[in-house]
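Peer 1: I have a structure here, written as structure tokens, and I will follow up with some questions on it.
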Amino acid sequence: MQLKLLHRISDYEWLLPKHDKMNVDVYIVGSKKIIEEMDDNVYNQVKNVASLPGIIDKVALLPDAHSGYGFPIGCVAAFDKEDGIVSIGGVGFDINCGVRLITTNLIYQDIEKKVESIIKAFYKKIPAGVGANGKINLTKKELKDVIEKGAEWVIKERGMGKIEELDYIEEGGCVSGADFSALTEEALAREKNQLGTLGSGNHYLELQVVEEVFDIERARVFGLFKNQVVATLHCGSRGLGHQTGVDFMNIFAKAIHKYKISIKDKELIYVPATSPEGRRYFAAVQAASNFAFANRQVISYLVSEVLNDVIKDVDTNTMYDIGHNTLKIETHKVGNAKLPLLVHRKGSTRNFAGKSQVVPKPYQFTGQPVIVGGSMGTASYVLCGKEESMEKTFGTTIHGAGRTMSRHKARESLSYEELERDLLKRGVFLKTKSREGALEESPIAYKDIEEVVNTVIKSNLSQRVARLRPLGVLKG
DNA sequence: ATGTCC
């Protein structure tokens, strides 16, 4: 993206003022380098998003942003609850794709020589890769319960996890407004034993060590300490969520004729939020979101089982679990008004500070944790929201480093053997279902996580709590 | 991201 098109606010904040058909400005977070290296298509995409009807206040673009379907990945846009719209590209096809951080009572020395065997045991126990199926076979009635109850169903009905864990999942592991009947038959049919499966692409399960603690107080409340072994898992709503996106593209395509909406970019198709199709999409997104929460709950339980198989008496806890492809109704301060908004977070994470109804009770005085995923060889971060982000980005921050190289280019840039060697040099053991897939996710294909994190710190959106160094990774 | 083309 060209810097000369933007107005500088600070070294880390920029503004693309509204012009042409834009209804609002675009607020951009990034260092000079990050913005200059950002795909030009991101510029076109945020301009298009800013031109959507009923958009409120601004579009916020985060430093991990890159080109996506319709909306960039790494942005947040909010629409008036009544006069606004809902967009499929604004959520993403992997609905409620998210991350969970699992803490343990182990220190690095406990597992130093067992990393390989732990990752291999993960590989055996946790289905990963395209089309992977798990052991949980749901009847239609059970699937309906999963959709309506989210992670709670997994804990109560299958005994996979502790009931207290629900307090440490975004929205208690179950968003409201989920309607089973909003999902299509095709989406339901895709759920063929996919509960408790990791998936492919950038999804992973990583064994990590807490390398550095930046905020001792918050780390203590989050249950983190230096040299501690933790696991981070990144996955979403699998085929069910994806099919929901695909099917609503068709439902929306019919609806725009009815509402006489003309679309200039088919990837940016939308319907009025209050239309039957819009309401149904909202309910379907919440439904798929609950499936994703349940999915991560199952995998999280399998992680604790594996750790207890390989090493005895391991105590695991969920530090937090949060999505980064979401659609929510939230009240935000806009100017002097407080407005209920339809917040689309696409590859971006809710980052609420301090006391808030949606911050879990144990974290009321710290603010809500954010888990920023690394890219195989690189560090992950635990961050925490700051008050300023409420006004600047609707309480939103980054979700990862963000791609800087296309999947295709990444595959051509190195061989699998080179990747494996590079990772071993970094002290990371890799096990994957797909060598091609792993190449696409090579660390060289991603931005520098340190620089991306530094940007949200310098712009006062988030604060650092801890940095996690990868030891081993299972990829789909 | 995705039973990466029923």
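Convention: chains lettered A, B, ... in structure tokens order; per-chain residue numbering from 1; ligands numbered from 1 as shown.
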Name the residues of segment 339-469 of chain A that come out as alpha helix (DSSP H) in a backbone DSSP run; write them as a count of residues only.

Peer 2: 39

Peer 1: Using only C-alpha atoms (C1' of nucleotides), I'd like a table of the residues in chain B that come within 12 Å of chain A; for each, show the closest atom pair and its distance in Å rounded to one decimal, ordered by chain and ascending number, as a tab-separated table.

Peer 2:
```
residue	atom	partner	partner_atom	distance
B:DA1	C1'	A:Asp94	CA	5.2
B:DT2	C1'	A:His242	CA	6.3
B:DG3	C1'	A:Gly131	CA	5.4
B:DT4	C1'	A:Val130	CA	8.7
```

Peer 1: Please identify all polymer residues within 6 Å of Leu268 of chain A, counting only C-alpha atoms (C1' of nucleotides), omitting same-chain residues fewer than 2 positions from it, and present them as a PyMOL selection string.

Peer 2: chain A and resi 70+265-266

Peer 1: Please identify all polymer residues within 10 Å of Pro340 of chain A, counting only C-alpha atoms (C1' of nucleotides), omitting same-chain residues fewer than 4 positions from it, and present them as a PyMOL selection string.

Peer 2: chain A and resi 78-82+328-334

Peer 1: Write a file of the selected residues as a JSON list (two decimals), in the first residue's frame, keeping all heavy atoms.

Peer 2:
```json
[["chain", "number", "residue", "atom", "x", "y", "z"],
["A", 78, "ALA", "N", -18.00, -2.09, 11.49],
["A", 78, "ALA", "CA", -19.24, -2.16, 12.27],
["A", 78, "ALA", "C", -20.37, -1.45, 11.52],
["A", 78, "ALA", "O", -20.15, -0.41, 10.90],
["A", 78, "ALA", "CB", -19.01, -1.51, 13.63],
["A", 79, "PHE", "N", -21.54, -2.04, 11.57],
["A", 79, "PHE", "CA", -22.69, -1.51, 10.84],
["A", 79, "PHE", "C", -23.85, -1.26, 11.79],
["A", 79, "PHE", "O", -24.00, -1.96, 12.80],
["A", 79, "PHE", "CB", -23.12, -2.51, 9.75],
["A", 79, "PHE", "CG", -22.04, -2.76, 8.73],
["A", 79, "PHE", "CD1", -21.04, -3.69, 8.96],
["A", 79, "PHE", "CD2", -22.01, -2.03, 7.55],
["A", 79, "PHE", "CE1", -20.03, -3.90, 8.03],
["A", 79, "PHE", "CE2", -21.01, -2.23, 6.61],
["A", 79, "PHE", "CZ", -20.01, -3.17, 6.86],
["A", 80, "ASP", "N", -24.66, -0.29, 11.42],
["A", 80, "ASP", "CA", -25.84, 0.02, 12.22],
["A", 80, "ASP", "C", -26.72, -1.23, 12.32],
["A", 80, "ASP", "O", -26.95, -1.91, 11.32],
["A", 80, "ASP", "CB", -26.62, 1.16, 11.55],
["A", 80, "ASP", "CG", -27.72, 1.66, 12.44],
["A", 80, "ASP", "OD1", -28.82, 1.05, 12.46],
["A", 80, "ASP", "OD2", -27.50, 2.67, 13.14],
["A", 81, "LYS", "N", -27.21, -1.50, 13.53],
["A", 81, "LYS", "CA", -27.97, -2.72, 13.76],
["A", 81, "LYS", "C", -29.27, -2.74, 12.94],
["A", 81, "LYS", "O", -29.74, -3.79, 12.52],
["A", 81, "LYS", "CB", -28.28, -2.84, 15.26],
["A", 81, "LYS", "CG", -28.87, -4.16, 15.67],
["A", 81, "LYS", "CD", -28.91, -4.28, 17.19],
["A", 81, "LYS", "CE", -29.86, -5.36, 17.64],
["A", 81, "LYS", "NZ", -31.19, -4.91, 17.99],
["A", 82, "GLU", "N", -29.84, -1.55, 12.70],
["A", 82, "GLU", "CA", -31.09, -1.48, 11.94],
["A", 82, "GLU", "C", -30.85, -1.16, 10.46],
["A", 82, "GLU", "O", -31.38, -1.83, 9.58],
["A", 82, "GLU", "CB", -32.01, -0.41, 12.54],
["A", 82, "GLU", "CG", -32.34, -0.62, 14.01],
["A", 82, "GLU", "CD", -33.03, -1.96, 14.30],
["A", 82, "GLU", "OE1", -33.86, -2.38, 13.47],
["A", 82, "GLU", "OE2", -32.73, -2.56, 15.34],
["A", 328, "LYS", "N", -20.83, -10.05, 15.64],
["A", 328, "LYS", "CA", -21.46, -9.88, 16.95],
["A", 328, "LYS", "C", -22.25, -8.57, 17.03],
["A", 328, "LYS", "O", -21.89, -7.61, 16.34],
["A", 328, "LYS", "CB", -20.39, -9.82, 18.04],
["A", 328, "LYS", "CG", -19.67, -11.14, 18.27],
["A", 328, "LYS", "CD", -18.62, -10.97, 19.35],
["A", 328, "LYS", "CE", -17.71, -12.18, 19.45],
["A", 328, "LYS", "NZ", -18.37, -13.39, 19.88],
["A", 329, "ILE", "N", -23.26, -8.57, 17.88],
["A", 329, "ILE", "CA", -23.92, -7.30, 18.21],
["A", 329, "ILE", "C", -23.25, -6.78, 19.49],
["A", 329, "ILE", "O", -23.24, -7.47, 20.51],
["A", 329, "ILE", "CB", -25.44, -7.49, 18.41],
["A", 329, "ILE", "CG1", -26.08, -7.93, 17.10],
["A", 329, "ILE", "CG2", -26.07, -6.19, 18.91],
["A", 329, "ILE", "CD1", -27.52, -8.37, 17.22],
["A", 330, "GLU", "N", -22.66, -5.61, 19.39],
["A", 330, "GLU", "CA", -21.99, -5.00, 20.53],
["A", 330, "GLU", "C", -22.36, -3.52, 20.60],
["A", 330, "GLU", "O", -22.60, -2.91, 19.56],
["A", 330, "GLU", "CB", -20.46, -5.10, 20.38],
["A", 330, "GLU", "CG", -19.91, -6.52, 20.41],
["A", 330, "GLU", "CD", -18.43, -6.59, 20.05],
["A", 330, "GLU", "OE1", -17.83, -5.52, 19.77],
["A", 330, "GLU", "OE2", -17.89, -7.69, 20.03],
["A", 331, "THR", "N", -22.38, -2.98, 21.80],
["A", 331, "THR", "CA", -22.65, -1.56, 21.95],
["A", 331, "THR", "C", -21.33, -0.81, 22.02],
["A", 331, "THR", "O", -20.46, -1.16, 22.83],
["A", 331, "THR", "CB", -23.50, -1.31, 23.21],
["A", 331, "THR", "OG1", -24.71, -2.06, 23.06],
["A", 331, "THR", "CG2", -23.84, 0.16, 23.36],
["A", 332, "HIS", "N", -21.17, 0.17, 21.16],
["A", 332, "HIS", "CA", -19.93, 0.96, 21.16],
["A", 332, "HIS", "C", -20.25, 2.44, 21.21],
["A", 332, "HIS", "O", -21.29, 2.88, 20.72],
["A", 332, "HIS", "CB", -19.11, 0.64, 19.91],
["A", 332, "HIS", "CG", -18.41, -0.69, 19.99],
["A", 332, "HIS", "ND1", -17.19, -0.86, 20.56],
["A", 332, "HIS", "CD2", -18.82, -1.92, 19.59],
["A", 332, "HIS", "CE1", -16.86, -2.15, 20.50],
["A", 332, "HIS", "NE2", -17.83, -2.81, 19.92],
["A", 333, "LYS", "N", -19.30, 3.19, 21.79],
["A", 333, "LYS", "CA", -19.42, 4.63, 21.86],
["A", 333, "LYS", "C", -18.96, 5.20, 20.52],
["A", 333, "LYS", "O", -17.84, 4.94, 20.07],
["A", 333, "LYS", "CB", -18.53, 5.15, 23.00],
["A", 333, "LYS", "CG", -18.87, 6.54, 23.44],
["A", 333, "LYS", "CD", -18.21, 6.82, 24.80],
["A", 333, "LYS", "CE", -18.02, 8.31, 24.97],
["A", 333, "LYS", "NZ", -16.69, 8.80, 24.60],
["A", 334, "VAL", "N", -19.86, 5.91, 19.87],
["A", 334, "VAL", "CA", -19.51, 6.55, 18.60],
["A", 334, "VAL", "C", -19.86, 8.02, 18.75],
["A", 334, "VAL", "O", -21.03, 8.37, 18.87],
["A", 334, "VAL", "CB", -20.29, 5.93, 17.42],
["A", 334, "VAL", "CG1", -19.90, 6.61, 16.11],
["A", 334, "VAL", "CG2", -20.02, 4.42, 17.33]]
```

Peer 1: Just asking: which residues within segment 209-284 of chain A are strand (DSSP E or B) according to DSSP, as a VMD selection string?

Peer 2: chain A and resid 209 to 213 228 to 235 270 to 272

Peer 1: Atom CA of Lys120 of chain A and atom CA of Leu302 of chain A are how many Å apart?

Peer 2: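 A separation of 13.2 Å between them.
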
Peer 1: Of the candidates A:Thr349, A:Thr366, A:Gln357, A:Ser275, which shows the shortest atom-to-atom distance to Val465 of chain A, using only C-alpha atoms?

Peer 2: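 Result for the nearest residue to Val465 of chain A: A:Thr366.
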
Peer 1: Would you compute the distance between atom CA of Ala77 of chain A and atom CA of Val59 of chain A? Give it in Å to one decimal.

Peer 2: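 Going from atom CA of Ala77 of chain A over to atom CA of Val59 of chain A, I get 5.0 Å.
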
Peer 1: What separation in Å, quoted to one decimal, exists between atom CA of Val343 of chain A and atom CA of Gly54 of chain A?

Peer 2: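 Taking atom CA of Val343 of chain A as the start and atom CA of Gly54 of chain A as the end point, the length is 11.8 Å.
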
Peer 1: At a cut-off of 6 Å, using only C-alpha atoms (C1' of nucleotides), what residues contact segment 150-160 of chain A? Leave out same-chain residues fewer than 2 positions from it and give the result as a ChimeraX atom specification.

Peer 2: /A:146-147,173-174,290-291,293-294,297,301

Peer 1: Could you write out that same residue set with all heavy atoms as a compact mmCIF listing (two decimals), in the first residue's frame?

Peer 2:
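Saved as part-v4.txt:
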```
# COMPACT_ATOMS: atom_id res chain seq x y z
N VAL A 146 -25.34 -29.49 20.17
CA VAL A 146 -24.00 -28.89 20.08
C VAL A 146 -24.11 -27.45 19.59
O VAL A 146 -23.49 -26.53 20.14
CB VAL A 146 -23.08 -29.71 19.14
CG1 VAL A 146 -21.78 -28.96 18.85
CG2 VAL A 146 -22.78 -31.07 19.73
N ILE A 147 -24.92 -27.26 18.56
CA ILE A 147 -25.10 -25.93 17.96
C ILE A 147 -25.71 -24.95 18.98
O ILE A 147 -25.37 -23.78 19.01
CB ILE A 147 -26.04 -26.04 16.73
CG1 ILE A 147 -25.40 -26.90 15.63
CG2 ILE A 147 -26.51 -24.70 16.23
CD1 ILE A 147 -24.24 -26.31 14.93
N GLY A 173 -18.29 -19.98 25.86
CA GLY A 173 -18.28 -21.12 24.92
C GLY A 173 -19.60 -21.33 24.21
O GLY A 173 -19.81 -22.37 23.57
N CYS A 174 -20.50 -20.35 24.32
CA CYS A 174 -21.79 -20.47 23.64
C CYS A 174 -22.34 -19.07 23.36
O CYS A 174 -22.70 -18.36 24.30
CB CYS A 174 -22.76 -21.26 24.51
SG CYS A 174 -24.39 -21.46 23.75
N ASN A 290 -20.78 -21.78 17.63
CA ASN A 290 -20.88 -22.71 18.75
C ASN A 290 -20.28 -24.06 18.40
O ASN A 290 -19.70 -24.74 19.27
CB ASN A 290 -22.34 -22.84 19.21
CG ASN A 290 -22.77 -21.62 20.00
OD1 ASN A 290 -21.93 -20.83 20.44
ND2 ASN A 290 -24.07 -21.45 20.15
N PHE A 291 -20.39 -24.45 17.13
CA PHE A 291 -19.75 -25.70 16.71
C PHE A 291 -18.23 -25.57 16.86
O PHE A 291 -17.55 -26.49 17.32
CB PHE A 291 -20.12 -26.04 15.27
CG PHE A 291 -19.57 -27.36 14.82
CD1 PHE A 291 -20.17 -28.54 15.19
CD2 PHE A 291 -18.40 -27.42 14.06
CE1 PHE A 291 -19.64 -29.77 14.82
CE2 PHE A 291 -17.86 -28.64 13.67
CZ PHE A 291 -18.47 -29.82 14.05
N PHE A 293 -16.59 -23.61 18.97
CA PHE A 293 -16.25 -23.66 20.41
C PHE A 293 -16.23 -25.11 20.89
O PHE A 293 -15.34 -25.52 21.65
CB PHE A 293 -17.26 -22.87 21.25
CG PHE A 293 -17.08 -21.37 21.19
CD1 PHE A 293 -18.17 -20.54 20.96
CD2 PHE A 293 -15.84 -20.78 21.38
CE1 PHE A 293 -18.03 -19.15 20.92
CE2 PHE A 293 -15.68 -19.40 21.34
CZ PHE A 293 -16.79 -18.59 21.11
N ALA A 294 -17.23 -25.88 20.47
CA ALA A 294 -17.30 -27.30 20.85
C ALA A 294 -16.11 -28.06 20.28
O ALA A 294 -15.51 -28.91 20.96
CB ALA A 294 -18.62 -27.90 20.37
N GLN A 297 -13.11 -27.40 22.27
CA GLN A 297 -13.21 -28.04 23.58
C GLN A 297 -12.79 -29.52 23.49
O GLN A 297 -12.06 -30.01 24.35
CB GLN A 297 -14.65 -27.93 24.12
CG GLN A 297 -14.85 -28.55 25.49
CD GLN A 297 -13.99 -27.90 26.56
OE1 GLN A 297 -13.84 -26.69 26.59
NE2 GLN A 297 -13.42 -28.71 27.44
N TYR A 301 -9.45 -31.25 25.24
CA TYR A 301 -9.52 -32.41 26.13
C TYR A 301 -8.54 -33.50 25.66
O TYR A 301 -7.86 -34.12 26.48
CB TYR A 301 -10.96 -32.96 26.17
CG TYR A 301 -11.09 -34.17 27.04
CD1 TYR A 301 -11.08 -34.04 28.44
CD2 TYR A 301 -11.20 -35.45 26.50
CE1 TYR A 301 -11.18 -35.16 29.26
CE2 TYR A 301 -11.30 -36.57 27.31
CZ TYR A 301 -11.29 -36.42 28.69
OH TYR A 301 -11.38 -37.52 29.50
```
